[in-house]
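File shown here: model-v2.pdb, holding PDB, C-alpha atoms.
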ATOM      1  CA  MET A 266       2.165 -10.625  18.949
ATOM      2  CA  ALA A 267       4.909  -8.810  20.803
ATOM      3  CA  THR A 268       8.466  -8.933  19.514
ATOM      4  CA  GLN A 269      10.445 -11.684  21.233
ATOM      5  CA  THR A 270      14.229 -11.681  21.282
ATOM      6  CA  THR A 271      16.201 -14.924  21.428
ATOM      7  CA  PRO A 272      19.929 -15.575  21.004
ATOM      8  CA  GLN A 273      19.235 -16.292  17.332
ATOM      9  CA  HIS A 274      18.117 -12.775  16.447
ATOM     10  CA  ARG A 275      18.365  -9.218  17.647
ATOM     11  CA  GLU A 276      16.413  -5.964  17.745
ATOM     12  CA  THR A 277      17.757  -2.736  16.303
ATOM     13  CA  GLU A 278      16.418   0.613  17.476
ATOM     14  CA  THR A 279      16.203   3.875  15.571
ATOM     15  CA  ASP A 280      15.696   7.476  16.640
ATOM     16  CA  ALA A 281      13.402   8.088  13.684
ATOM     17  CA  PRO A 282       9.769   8.530  14.774
ATOM     18  CA  GLY A 283       7.118   6.111  13.709
ATOM     19  CA  HIS A 284       9.158   2.938  13.633
ATOM     20  CA  LEU A 285       8.773  -0.334  15.441
ATOM     21  CA  PRO A 286      11.984  -2.068  16.509
ATOM     22  CA  GLN A 287      13.048  -4.335  13.667
ATOM     23  CA  VAL A 288      14.001  -7.908  14.450
ATOM     24  CA  THR A 289      16.785  -9.102  12.183
ATOM     25  CA  GLU A 290      18.084 -12.557  11.354
ATOM     26  CA  PRO A 291      21.634 -13.407  10.309
ATOM     27  CA  ARG A 292      21.995 -13.447   6.521
ATOM     28  CA  VAL A 293      21.079 -16.672   4.759
ATOM     29  CA  GLU A 294      24.374 -18.179   3.641
ATOM     30  CA  PRO A 295      24.381 -20.327   0.474
ATOM     31  CA  MET A 296      24.818 -24.060   0.862
ATOM     32  CA  PRO A 297      25.753 -26.624  -1.814
ATOM     33  CA  LEU A 298      22.948 -27.826  -4.057
ATOM     34  CA  ASP A 299      21.595 -31.031  -2.467
ATOM     35  CA  MET A 300      20.056 -33.062  -5.302
ATOM     36  CA  ASP A 301      19.105 -35.969  -3.031
ATOM     37  CA  TRP A 302      17.032 -33.630  -0.894
ATOM     38  CA  LEU A 303      15.542 -32.041  -3.997
ATOM     39  CA  ARG A 304      14.536 -35.361  -5.571
ATOM     40  CA  SER A 305      12.750 -36.388  -2.381
ATOM     41  CA  VAL A 306      10.405 -33.387  -2.513
ATOM     42  CA  GLN A 307       6.809 -34.173  -3.448
ATOM     43  CA  ALA A 308       3.508 -32.273  -3.214
ATOM     44  CA  ASN A 309       0.139 -33.883  -2.438
ATOM     45  CA  THR A 310      -2.045 -31.484  -4.400
ATOM     46  CA  SER A 311      -5.432 -32.656  -3.098
ATOM     47  CA  ALA A 312      -4.307 -32.511   0.548
ATOM     48  CA  ILE A 313      -2.734 -29.095   0.047
ATOM     49  CA  GLU A 314      -5.895 -27.735  -1.549
ATOM     50  CA  ARG A 315      -8.097 -29.121   1.256
ATOM     51  CA  ARG A 316      -5.916 -27.516   3.916
ATOM     52  CA  ALA A 317      -5.854 -24.187   2.078
ATOM     53  CA  ALA A 318      -9.627 -24.198   1.527
ATOM     54  CA  ALA A 319     -10.309 -24.829   5.217
ATOM     55  CA  LEU A 320      -8.182 -21.998   6.547
ATOM     56  CA  PRO A 321     -10.377 -18.930   5.778
ATOM     57  CA  ALA A 322     -13.493 -20.666   7.105
ATOM     58  CA  ARG A 323     -11.852 -21.474  10.431
ATOM     59  CA  ARG A 324     -10.533 -18.009  11.215
ATOM     60  CA  SER A 325     -12.866 -15.310  12.540
ATOM     61  CA  LEU A 326     -11.278 -12.444  14.461
ATOM     62  CA  LYS A 327     -13.484  -9.712  15.856
ATOM     63  CA  LYS A 328     -13.185  -6.232  17.289
ATOM     64  CA  ASP A 329      -9.914  -5.430  19.101
ATOM     65  CA  HIS A 330      -8.322  -8.736  18.107
ATOM     66  CA  GLN A 331      -9.021  -8.054  14.440
ATOM     67  CA  ALA A 332      -7.662  -4.509  14.742
ATOM     68  CA  ALA A 333      -4.447  -5.815  16.316
ATOM     69  CA  TRP A 334      -3.872  -8.304  13.497
ATOM     70  CA  LEU A 335      -4.589  -5.647  10.879
ATOM     71  CA  LEU A 336      -2.059  -3.287  12.442
ATOM     72  CA  ARG A 337       0.512  -6.077  12.364
ATOM     73  CA  ALA A 338      -0.308  -6.626   8.684
ATOM     74  CA  VAL A 339       0.419  -2.944   7.961
ATOM     75  CA  THR A 340       3.949  -3.275   9.355
ATOM     76  CA  CYS A 341       4.555  -6.189   6.969
ATOM     77  CA  ILE A 342       3.478  -4.474   3.739
ATOM     78  CA  ASP A 343       5.949  -3.741   0.957
ATOM     79  CA  LEU A 344       4.028  -0.701  -0.274
ATOM     80  CA  THR A 345       4.449  -0.972  -4.021
ATOM     81  CA  THR A 346       4.164   0.987  -7.226
ATOM     82  CA  LEU A 347       5.323  -0.781 -10.387
ATOM     83  CA  SER A 348       3.525   0.993 -13.205
ATOM     84  CA  GLY A 349       4.790   2.246 -16.524
ATOM     85  CA  ASP A 350       3.527   5.727 -15.679
ATOM     86  CA  ASP A 351       5.325   5.992 -12.314
ATOM     87  CA  THR A 352       6.749   9.435 -11.589
ATOM     88  CA  ALA A 353       8.886  10.892  -8.826
ATOM     89  CA  ARG A 354       5.824  12.654  -7.408
ATOM     90  CA  ARG A 355       3.877   9.397  -7.236
ATOM     91  CA  VAL A 356       6.751   7.698  -5.437
ATOM     92  CA  GLU A 357       7.015  10.617  -3.011
ATOM     93  CA  ARG A 358       3.323  10.275  -2.178
ATOM     94  CA  LEU A 359       3.743   6.527  -1.730
ATOM     95  CA  CYS A 360       6.664   7.100   0.643
ATOM     96  CA  ALA A 361       4.648   9.613   2.642
ATOM     97  CA  LYS A 362       1.986   6.940   3.059
ATOM     98  CA  ALA A 363       4.647   4.402   4.076
ATOM     99  CA  ARG A 364       5.856   6.786   6.779
ATOM    100  CA  GLN A 365       2.329   7.318   8.104
ATOM    101  CA  PRO A 366       0.159   4.461   6.805
ATOM    102  CA  ILE A 367      -2.625   4.891   9.374
ATOM    103  CA  ALA A 368      -4.181   8.235  10.268
ATOM    104  CA  PRO A 369      -2.911   9.558  13.621
ATOM    105  CA  ASP A 370      -6.433   9.934  15.043
ATOM    106  CA  LEU A 371      -7.146   6.264  14.342
ATOM    107  CA  LEU A 372      -3.909   5.186  16.004
ATOM    108  CA  GLU A 373      -4.692   7.354  19.013
ATOM    109  CA  ALA A 374      -8.169   5.849  19.312
ATOM    110  CA  LEU A 375      -6.631   2.370  19.123
ATOM    111  CA  GLY A 376      -3.993   3.216  21.746
ATOM    112  CA  MET A 377      -1.174   2.626  19.265
ATOM    113  CA  ALA A 378       2.115   4.415  18.758
ATOM    114  CA  PRO A 379       3.015   5.418  15.178
ATOM    115  CA  ILE A 380       3.898   2.568  12.816
ATOM    116  CA  THR A 381       5.260   2.329   9.285
ATOM    117  CA  THR A 382       5.003  -0.146   6.456
ATOM    118  CA  GLY A 383       7.705  -2.796   6.076
ATOM    119  CA  ALA A 384       9.278  -1.280   2.948
ATOM    120  CA  VAL A 385       8.623   0.660  -0.250
ATOM    121  CA  CYS A 386       9.021  -1.292  -3.497
ATOM    122  CA  VAL A 387       9.784   0.517  -6.779
ATOM    123  CA  TYR A 388      11.535   0.219 -10.123
ATOM    124  CA  HIS A 389      15.252   1.080 -10.299
ATOM    125  CA  GLU A 390      14.606   4.493 -11.855
ATOM    126  CA  MET A 391      12.502   5.522  -8.850
ATOM    127  CA  ILE A 392      15.125   4.726  -6.185
ATOM    128  CA  PRO A 393      16.501   8.311  -5.949
ATOM    129  CA  ALA A 394      13.012   9.724  -5.397
ATOM    130  CA  ALA A 395      12.321   7.101  -2.738
ATOM    131  CA  ARG A 396      15.631   7.836  -0.988
ATOM    132  CA  ARG A 397      14.818  11.510  -0.748
ATOM    133  CA  ALA A 398      11.303  10.873   0.500
ATOM    134  CA  LEU A 399      12.377   8.324   3.117
ATOM    135  CA  GLU A 400      15.364  10.258   4.463
ATOM    136  CA  GLY A 401      15.496  10.108   8.252
ATOM    137  CA  THR A 402      13.618   6.812   8.458
ATOM    138  CA  ASN A 403      14.724   3.188   8.477
ATOM    139  CA  ILE A 404      12.079   2.099   5.956
ATOM    140  CA  PRO A 405      13.914  -0.103   3.435
ATOM    141  CA  ILE A 406      13.789   0.569  -0.294
ATOM    142  CA  ALA A 407      13.139  -2.593  -2.287
ATOM    143  CA  ALA A 408      13.876  -2.515  -6.013
ATOM    144  CA  VAL A 409      12.581  -5.035  -8.535
ATOM    145  CA  SER A 410      15.368  -6.261 -10.759
ATOM    146  CA  THR A 411      16.749  -8.866 -13.207
ATOM    147  CA  GLY A 412      14.531  -8.014 -16.143
ATOM    148  CA  PHE A 413      11.362  -7.798 -14.039
ATOM    149  CA  PRO A 414       8.772  -9.197 -14.648
ATOM    150  CA  ALA A 415       9.773 -11.733 -17.337
ATOM    151  CA  GLY A 416      13.418 -12.209 -16.350
ATOM    152  CA  LEU A 417      14.460 -12.872 -19.940
ATOM    153  CA  SER A 418      17.176 -10.259 -20.468
ATOM    154  CA  PRO A 419      20.810 -11.451 -20.739
ATOM    155  CA  LEU A 420      22.281 -12.688 -17.459
ATOM    156  CA  GLU A 421      25.058 -10.091 -17.502
ATOM    157  CA  LEU A 422      22.504  -7.295 -17.765
ATOM    158  CA  ARG A 423      20.390  -8.754 -14.965
ATOM    159  CA  ILE A 424      23.402  -8.954 -12.662
ATOM    160  CA  ARG A 425      24.444  -5.399 -13.525
ATOM    161  CA  GLU A 426      20.903  -4.203 -12.862
ATOM    162  CA  ILE A 427      21.144  -5.596  -9.321
ATOM    163  CA  GLU A 428      24.502  -3.910  -8.751
ATOM    164  CA  MET A 429      23.199  -0.568 -10.003
ATOM    165  CA  SER A 430      20.146  -0.708  -7.731
ATOM    166  CA  VAL A 431      22.295  -1.496  -4.704
ATOM    167  CA  GLU A 432      24.641   1.372  -5.617
ATOM    168  CA  ALA A 433      21.616   3.682  -5.934
ATOM    169  CA  GLY A 434      20.476   2.892  -2.391
ATOM    170  CA  ALA A 435      18.199  -0.149  -2.466
ATOM    171  CA  SER A 436      18.685  -2.368   0.594
ATOM    172  CA  GLU A 437      16.393  -5.119  -0.734
ATOM    173  CA  ILE A 438      16.330  -6.557  -4.245
ATOM    174  CA  ASP A 439      13.359  -8.504  -5.623
ATOM    175  CA  ILE A 440      14.758 -10.706  -8.389
ATOM    176  CA  VAL A 441      12.863 -12.948 -10.813
ATOM    177  CA  ILE A 442      14.119 -16.431 -11.586
ATOM    178  CA  SER A 443      14.279 -17.947 -15.070
ATOM    179  CA  ARG A 444      11.123 -20.066 -15.191
ATOM    180  CA  ARG A 445      12.560 -22.186 -17.994
ATOM    181  CA  HIS A 446      15.088 -23.712 -15.584
ATOM    182  CA  VAL A 447      12.231 -24.998 -13.427
ATOM    183  CA  LEU A 448      10.076 -26.172 -16.315
ATOM    184  CA  SER A 449      12.992 -28.105 -17.845
ATOM    185  CA  GLY A 450      14.168 -29.467 -14.483
ATOM    186  CA  ASP A 451      17.581 -27.805 -14.792
ATOM    187  CA  TRP A 452      18.054 -27.264 -11.064
ATOM    188  CA  GLN A 453      21.788 -26.678 -11.349
ATOM    189  CA  ALA A 454      21.187 -23.778 -13.716
ATOM    190  CA  LEU A 455      18.602 -22.287 -11.353
ATOM    191  CA  TYR A 456      20.979 -22.680  -8.414
ATOM    192  CA  ASP A 457      23.892 -21.069 -10.280
ATOM    193  CA  GLU A 458      21.694 -18.178 -11.391
ATOM    194  CA  MET A 459      20.410 -17.570  -7.862
ATOM    195  CA  ARG A 460      23.963 -17.721  -6.454
ATOM    196  CA  ALA A 461      25.044 -15.088  -8.983
ATOM    197  CA  PHE A 462      22.139 -12.853  -8.019
ATOM    198  CA  ARG A 463      22.883 -13.275  -4.323
ATOM    199  CA  GLU A 464      26.536 -12.360  -4.857
ATOM    200  CA  ALA A 465      25.579  -9.265  -6.847
ATOM    201  CA  CYS A 466      23.298  -8.117  -4.009
ATOM    202  CA  GLY A 467      26.162  -7.895  -1.537
ATOM    203  CA  GLU A 468      24.724  -6.709   1.779
ATOM    204  CA  ALA A 469      21.291  -6.048   0.282
ATOM    205  CA  HIS A 470      18.744  -8.718   1.086
ATOM    206  CA  VAL A 471      17.435 -10.677  -1.887
ATOM    207  CA  LYS A 472      13.863 -11.826  -2.438
ATOM    208  CA  ALA A 473      13.528 -14.564  -5.071
ATOM    209  CA  ILE A 474      10.310 -14.236  -7.100
ATOM    210  CA  LEU A 475       9.262 -17.654  -8.360
ATOM    211  CA  ALA A 476       6.314 -16.543 -10.545
ATOM    212  CA  THR A 477       4.475 -19.599  -9.227
ATOM    213  CA  GLY A 478       1.559 -19.253 -11.634
ATOM    214  CA  GLU A 479       3.965 -20.150 -14.465
ATOM    215  CA  LEU A 480       5.812 -23.108 -12.892
ATOM    216  CA  GLY A 481       3.380 -25.845 -13.907
ATOM    217  CA  SER A 482       2.899 -27.769 -10.628
ATOM    218  CA  LEU A 483       3.037 -27.474  -6.871
ATOM    219  CA  ARG A 484       5.966 -29.896  -6.830
ATOM    220  CA  ASN A 485       7.893 -27.527  -9.071
ATOM    221  CA  VAL A 486       7.026 -24.696  -6.680
ATOM    222  CA  ALA A 487       8.377 -26.686  -3.719
ATOM    223  CA  ARG A 488      11.587 -27.644  -5.507
ATOM    224  CA  ALA A 489      12.212 -24.138  -6.846
ATOM    225  CA  SER A 490      11.680 -22.782  -3.319
ATOM    226  CA  LEU A 491      14.324 -25.118  -1.921
ATOM    227  CA  VAL A 492      16.845 -24.407  -4.670
ATOM    228  CA  CYS A 493      16.555 -20.653  -4.125
ATOM    229  CA  MET A 494      17.007 -21.060  -0.373
ATOM    230  CA  MET A 495      20.025 -23.322  -0.873
ATOM    231  CA  ALA A 496      21.517 -20.617  -3.101
ATOM    232  CA  GLY A 497      21.112 -17.933  -0.443
ATOM    233  CA  ALA A 498      17.726 -16.242  -0.960
ATOM    234  CA  ASP A 499      16.742 -14.254   2.140
ATOM    235  CA  PHE A 500      13.074 -14.398   1.078
ATOM    236  CA  ILE A 501      11.091 -16.460  -1.370
ATOM    237  CA  LYS A 502       8.202 -14.661  -3.049
ATOM    238  CA  THR A 503       5.220 -15.950  -5.011
ATOM    239  CA  SER A 504       4.788 -13.590  -7.915
ATOM    240  CA  THR A 505       5.633 -10.415  -9.738
ATOM    241  CA  GLY A 506       1.987  -9.365  -9.617
ATOM    242  CA  LYS A 507       2.022  -9.296 -13.430
ATOM    243  CA  GLU A 508       1.150 -12.973 -14.045
ATOM    244  CA  SER A 509      -2.396 -14.179 -14.676
ATOM    245  CA  VAL A 510      -2.241 -16.200 -11.417
ATOM    246  CA  ASN A 511      -0.414 -14.675  -8.481
ATOM    247  CA  ALA A 512      -0.456 -15.445  -4.739
ATOM    248  CA  THR A 513      -2.812 -18.260  -3.724
ATOM    249  CA  LEU A 514      -3.209 -20.145  -0.462
ATOM    250  CA  PRO A 515      -2.211 -23.569  -1.904
ATOM    251  CA  VAL A 516       1.001 -22.130  -3.360
ATOM    252  CA  SER A 517       1.669 -20.265  -0.120
ATOM    253  CA  LEU A 518       1.229 -23.449   1.900
ATOM    254  CA  VAL A 519       3.766 -25.252  -0.296
ATOM    255  CA  MET A 520       6.317 -22.451  -0.032
ATOM    256  CA  ILE A 521       5.816 -21.995   3.708
ATOM    257  CA  ARG A 522       6.311 -25.715   4.333
ATOM    258  CA  ALA A 523       9.470 -25.616   2.229
ATOM    259  CA  ILE A 524      10.684 -22.806   4.505
ATOM    260  CA  ARG A 525       9.791 -24.896   7.550
ATOM    261  CA  GLU A 526      11.665 -27.919   6.239
ATOM    262  CA  TYR A 527      14.672 -25.769   5.395
ATOM    263  CA  TYR A 528      14.671 -24.314   8.912
ATOM    264  CA  THR A 529      14.306 -27.780  10.472
ATOM    265  CA  ARG A 530      17.312 -29.098   8.538
ATOM    266  CA  THR A 531      19.594 -26.070   8.662
ATOM    267  CA  GLY A 532      18.444 -23.869  11.553
ATOM    268  CA  VAL A 533      18.229 -20.944   9.109
ATOM    269  CA  ARG A 534      15.091 -18.826   8.884
ATOM    270  CA  VAL A 535      14.045 -17.668   5.403
ATOM    271  CA  GLY A 536      11.353 -15.071   4.846
ATOM    272  CA  TYR A 537       8.167 -15.323   2.801
ATOM    273  CA  LYS A 538       6.407 -12.741   0.627
ATOM    274  CA  PRO A 539       3.041 -13.395  -1.050
ATOM    275  CA  ALA A 540       2.421 -10.835  -3.780
ATOM    276  CA  GLY A 541      -0.263 -10.064  -6.323
ATOM    277  CA  GLY A 542      -4.005 -10.142  -5.775
ATOM    278  CA  ILE A 543      -3.987  -9.550  -2.005
ATOM    279  CA  SER A 544      -6.153  -6.467  -1.655
ATOM    280  CA  LYS A 545      -8.610  -7.186   1.190
ATOM    281  CA  ALA A 546      -8.031  -6.908   4.912
ATOM    282  CA  LYS A 547      -9.644 -10.296   5.535
ATOM    283  CA  ASP A 548      -7.158 -11.907   3.128
ATOM    284  CA  ALA A 549      -4.256 -10.355   5.035
ATOM    285  CA  ILE A 550      -5.519 -11.919   8.262
ATOM    286  CA  THR A 551      -5.827 -15.299   6.552
ATOM    287  CA  TYR A 552      -2.207 -15.153   5.404
ATOM    288  CA  LEU A 553      -1.016 -14.083   8.843
ATOM    289  CA  ALA A 554      -2.951 -16.966  10.410
ATOM    290  CA  LEU A 555      -1.351 -19.378   7.946
ATOM    291  CA  MET A 556       2.109 -18.112   8.868
ATOM    292  CA  LYS A 557       1.386 -18.411  12.594
ATOM    293  CA  GLU A 558       0.013 -21.947  12.318
ATOM    294  CA  GLU A 559       2.712 -23.287   9.991
ATOM    295  CA  LEU A 560       5.813 -21.378  11.148
ATOM    296  CA  GLY A 561       5.008 -19.693  14.460
ATOM    297  CA  ASP A 562       5.020 -16.162  15.840
ATOM    298  CA  ARG A 563       8.615 -15.446  14.806
ATOM    299  CA  TRP A 564       7.496 -15.297  11.165
ATOM    300  CA  LEU A 565       4.980 -12.548  11.937
ATOM    301  CA  GLN A 566       7.719  -9.905  11.985
ATOM    302  CA  PRO A 567       8.550  -7.746   8.942
ATOM    303  CA  ASP A 568      12.068  -9.147   8.588
ATOM    304  CA  LEU A 569      10.554 -12.571   7.808
ATOM    305  CA  PHE A 570       7.152 -11.788   6.302
ATOM    306  CA  ARG A 571       5.969  -9.210   3.789
ATOM    307  CA  PHE A 572       2.921  -8.596   1.664
ATOM    308  CA  GLY A 573       3.606  -7.320  -1.839
ATOM    309  CA  ALA A 574       0.657  -4.972  -2.236
ATOM    310  CA  SER A 575      -0.528  -1.595  -3.449
ATOM    311  CA  SER A 576      -4.236  -1.477  -2.561
ATOM    312  CA  LEU A 577      -4.264  -3.663   0.578
ATOM    313  CA  LEU A 578      -3.364  -0.782   2.884
ATOM    314  CA  GLY A 579      -6.416   1.244   1.847
ATOM    315  CA  ASP A 580      -8.829  -1.550   2.755
ATOM    316  CA  ILE A 581      -7.089  -2.140   6.086
ATOM    317  CA  GLU A 582      -7.408   1.535   6.968
ATOM    318  CA  ARG A 583     -11.101   1.472   6.051
ATOM    319  CA  GLN A 584     -11.643  -1.535   8.318
ATOM    320  CA  LEU A 585      -9.814   0.140  11.190
ATOM    321  CA  GLU A 586     -11.896   3.292  10.761
ATOM    322  CA  HIS A 587     -15.054   1.196  10.869
ATOM    323  CA  HIS A 588     -13.798  -0.453  14.061
ATOM    324  CA  VAL A 589     -13.244   2.940  15.703
ATOM    325  CA  THR A 590     -16.234   4.913  14.381
ATOM    326  CA  GLY A 591     -18.754   2.300  13.301
ATOM    327  CA  ASN A 592     -18.810   3.771   9.791
ATOM    328  CA  TYR A 593     -17.060   2.839   6.547
ATOM    329  CA  SER A 594     -15.339   5.701   4.781
ATOM    330  CA  ALA A 595     -15.061   6.157   1.036
ATOM    331  CA  ALA A 596     -12.092   4.387  -0.536
ATOM    332  CA  TYR A 597     -10.758   7.632  -2.053
ATOM    333  CA  ARG A 598      -9.995   8.902   1.465
ATOM    334  CA  HIS A 599      -7.275   6.261   1.781
ATOM    335  CA  ALA A 600      -5.329   6.638  -1.436
ATOM    336  CA  THR A 601      -1.726   5.455  -1.336
ATOM    337  CA  ALA A 602      -0.161   7.435  -4.189
TER     338      ALA A 602
END
Just dump the structure as structure tokens.
Amino acid sequence: MATQTTPQHRETETDAPGHLPQVTEPRVEPMPLDMDWLRSVQANTSAIERRAAALPARRSLKKDHQAAWLLRAVTCIDLTTLSGDDTARRVERLCAKARQPIAPDLLEALGMAPITTGAVCVYHEMIPAARRALEGTNIPIAAVSTGFPAGLSPLELRIREIEMSVEAGASEIDIVISRRHVLSGDWQALYDEMRAFREACGEAHVKAILATGELGSLRNVARASLVCMMAGADFIKTSTGKESVNATLPVSLVMIRAIREYYTRTGVRVGYKPAGGISKAKDAITYLALMKEELGDRWLQPDLFRFGASSLLGDIERQLEHHVTGNYSAAYRHATA
């Protein structure tokens, strides 16, 4: 899964140790809301569920191949802490783990150079602590915003929250959409809201959280995905991680195919971020396999694919240690914060 450079994207290098070259796409530019396209979108639930159910059973990676896929998964993790008891010290520990997510002796045994996670994701109040802890690296800071997780605060406050996070140093903003716009079929309102959020982000990349477990149907998920992409979302994301149902394979398949259709029609690549409930290394491989089969190798880079996760990294490190030593270590040896 080596990085491939085409005229459509570029690699940027950094002198900071422990970083893979980052492949970057041009920003997603908003397009007008296309209601004809939106009305044509359907979702065959039974077919989607059959395809999603078959995927884990058909994928079995072993030994060095499994280790390689798990290392790729690490580089695509948005290492996250979004708890009410977050402190600066916890965020500093999380950032230290983001800088060195896999123990050096394991990387040496695997013949790998140092790697980092894709980003660190925190609340607005924790941005200064993250900036200090990540100084000298190119690890992005992602901030959740817009009244996360419910998204029910006044629009003016949500927009100002984005602006404040960008001013504080966040280079990625994870926004939450108003679910009521989807549930009432008010696509214009959703589009206008997303455009406002995109404008407030400026140069910061915006990830649109759909909260798919609260949208009522897979067709709604598909249509909401398209509206957010039309309005300029750089990523579409499943969940806040706070809903009762978060990332699932059927929902992911719907969103990934919406991304594929958008790319086919516009030539613009949009990223994807499943979040919530992904805590096992085997699940990470399943999601990577889904991305490869549906979108291709280009979407296996951290500028187009992220996991929203807090505990996933620990299980991946345990699996890599087992691969190298033949023994499983205790989970407490791989704490993230």
(request) On this file, the PyMOL selection byres ((chain A and resi 521) around 8) gives some set of residues; write that set as a VMD selection string. (result) chain A and resid 517 to 520 522 to 525 537 556 559 to 560
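You will find atom CA of Leu359 of chain A at 22.6 Å from atom CA of Asn511 of chain A.
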(request) Return the single residue from A:Ala554, A:Leu491, A:Leu578, A:Ala549 that is closest to Asp301 of chain A, with distances computed using only C-alpha atoms. (result)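 Looking at the shortest contact to Asp301 of chain A, the residue is A:Leu491.
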(request) List the neighbours of segment 580-585 of chain A out to 10 Å using all atoms listed in the file; skip same-chain residues closer than 5 positions along the sequence, and give me the result as number ranges by chain. (result) A: 328-329, 331-333, 335-336, 338-339, 366-368, 371-372, 375, 544-547, 549, 590-596, 598-600
Keeping C-alpha atoms for every residue in the selection just given, could you write it to a file as an mmCIF file, in the coordinates of the input?
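Result saved to out.cif:
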data_model
loop_
_atom_site.group_PDB
_atom_site.id
_atom_site.type_symbol
_atom_site.label_atom_id
_atom_site.label_comp_id
_atom_site.auth_asym_id
_atom_site.auth_seq_id
_atom_site.Cartn_x
_atom_site.Cartn_y
_atom_site.Cartn_z
ATOM 1 C CA LYS A 328 -13.185 -6.232 17.289
ATOM 2 C CA ASP A 329 -9.914 -5.430 19.101
ATOM 3 C CA GLN A 331 -9.021 -8.054 14.440
ATOM 4 C CA ALA A 332 -7.662 -4.509 14.742
ATOM 5 C CA ALA A 333 -4.447 -5.815 16.316
ATOM 6 C CA LEU A 335 -4.589 -5.647 10.879
ATOM 7 C CA LEU A 336 -2.059 -3.287 12.442
ATOM 8 C CA ALA A 338 -0.308 -6.626 8.684
ATOM 9 C CA VAL A 339 0.419 -2.944 7.961
ATOM 10 C CA PRO A 366 0.159 4.461 6.805
ATOM 11 C CA ILE A 367 -2.625 4.891 9.374
ATOM 12 C CA ALA A 368 -4.181 8.235 10.268
ATOM 13 C CA LEU A 371 -7.146 6.264 14.342
ATOM 14 C CA LEU A 372 -3.909 5.186 16.004
ATOM 15 C CA LEU A 375 -6.631 2.370 19.123
ATOM 16 C CA SER A 544 -6.153 -6.467 -1.655
ATOM 17 C CA LYS A 545 -8.610 -7.186 1.190
ATOM 18 C CA ALA A 546 -8.031 -6.908 4.912
ATOM 19 C CA LYS A 547 -9.644 -10.296 5.535
ATOM 20 C CA ALA A 549 -4.256 -10.355 5.035
ATOM 21 C CA THR A 590 -16.234 4.913 14.381
ATOM 22 C CA GLY A 591 -18.754 2.300 13.301
ATOM 23 C CA ASN A 592 -18.810 3.771 9.791
ATOM 24 C CA TYR A 593 -17.060 2.839 6.547
ATOM 25 C CA SER A 594 -15.339 5.701 4.781
ATOM 26 C CA ALA A 595 -15.061 6.157 1.036
ATOM 27 C CA ALA A 596 -12.092 4.387 -0.536
ATOM 28 C CA ARG A 598 -9.995 8.902 1.465
ATOM 29 C CA HIS A 599 -7.275 6.261 1.781
ATOM 30 C CA ALA A 600 -5.329 6.638 -1.436
#
(request) Calculate how many Å separate atom CA of Gly481 of chain A from atom CA of Ser348 of chain A, rounding to one decimal. (result) 26.8 Å
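Taking atom CA of Leu577 of chain A and atom CA of Gly416 of chain A as the two end points, the separation is 25.9 Å.
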(request) Show which residues sit within 10 Å of Gly506 of chain A, as a list in words. Count only C-alpha atoms, and ignore same-chain residues fewer than 3 positions away. (result) Leu347, Pro414, Ile474, Ala476, Thr503, Ser509, Val510, Asn511, Ala512, Pro539, Ala540, Gly541, Gly542, Ile543, Gly573 and Ala574 of chain A
Which residues of segment 288-363 of chain A come within 10 Å of segment 384-405 of chain A, and what is each one's closest atom pair and distance in Å (one decimal), counting only C-alpha atoms, sorted by chain and residue number, as CSV?
residue,atom,partner,partner_atom,distance
A:Thr340,CA,A:Ala384,CA,8.6
A:Cys341,CA,A:Ala384,CA,7.9
A:Ile342,CA,A:Ala384,CA,6.7
A:Asp343,CA,A:Ala384,CA,4.6
A:Leu344,CA,A:Val385,CA,4.8
A:Thr345,CA,A:Cys386,CA,4.6
A:Thr346,CA,A:Val387,CA,5.7
A:Leu347,CA,A:Val387,CA,5.9
A:Ser348,CA,A:Tyr388,CA,8.6
A:Gly349,CA,A:Tyr388,CA,9.5
A:Asp351,CA,A:Met391,CA,8.0
A:Thr352,CA,A:Met391,CA,7.5
A:Ala353,CA,A:Ala394,CA,5.5
A:Arg354,CA,A:Ala394,CA,8.0
A:Arg355,CA,A:Ala394,CA,9.3
A:Val356,CA,A:Ala395,CA,6.2
A:Glu357,CA,A:Ala398,CA,5.5
A:Arg358,CA,A:Ala398,CA,8.4
A:Leu359,CA,A:Val385,CA,7.8
A:Cys360,CA,A:Ala398,CA,6.0
A:Ala361,CA,A:Ala398,CA,7.1
A:Lys362,CA,A:Val385,CA,9.7
A:Ala363,CA,A:Val385,CA,7.0
(message) My list of candidates is A:Gly497, A:Pro567, A:Pro419, A:Pro369. Which is closest to Pro297 of chain A when distances are computed with only C-alpha atoms?
(response)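 Among the listed residues, the smallest separation from Pro297 of chain A belongs to A:Gly497.
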(request) Point out the residue among A:Lys502, A:Arg530, A:Arg484, A:Lys472 with the least atom-to-atom distance to Thr310 of chain A, counting only C-alpha atoms. (result)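 Among A:Lys502, A:Arg530, A:Arg484, A:Lys472, it is A:Arg484 that comes nearest to Thr310 of chain A.
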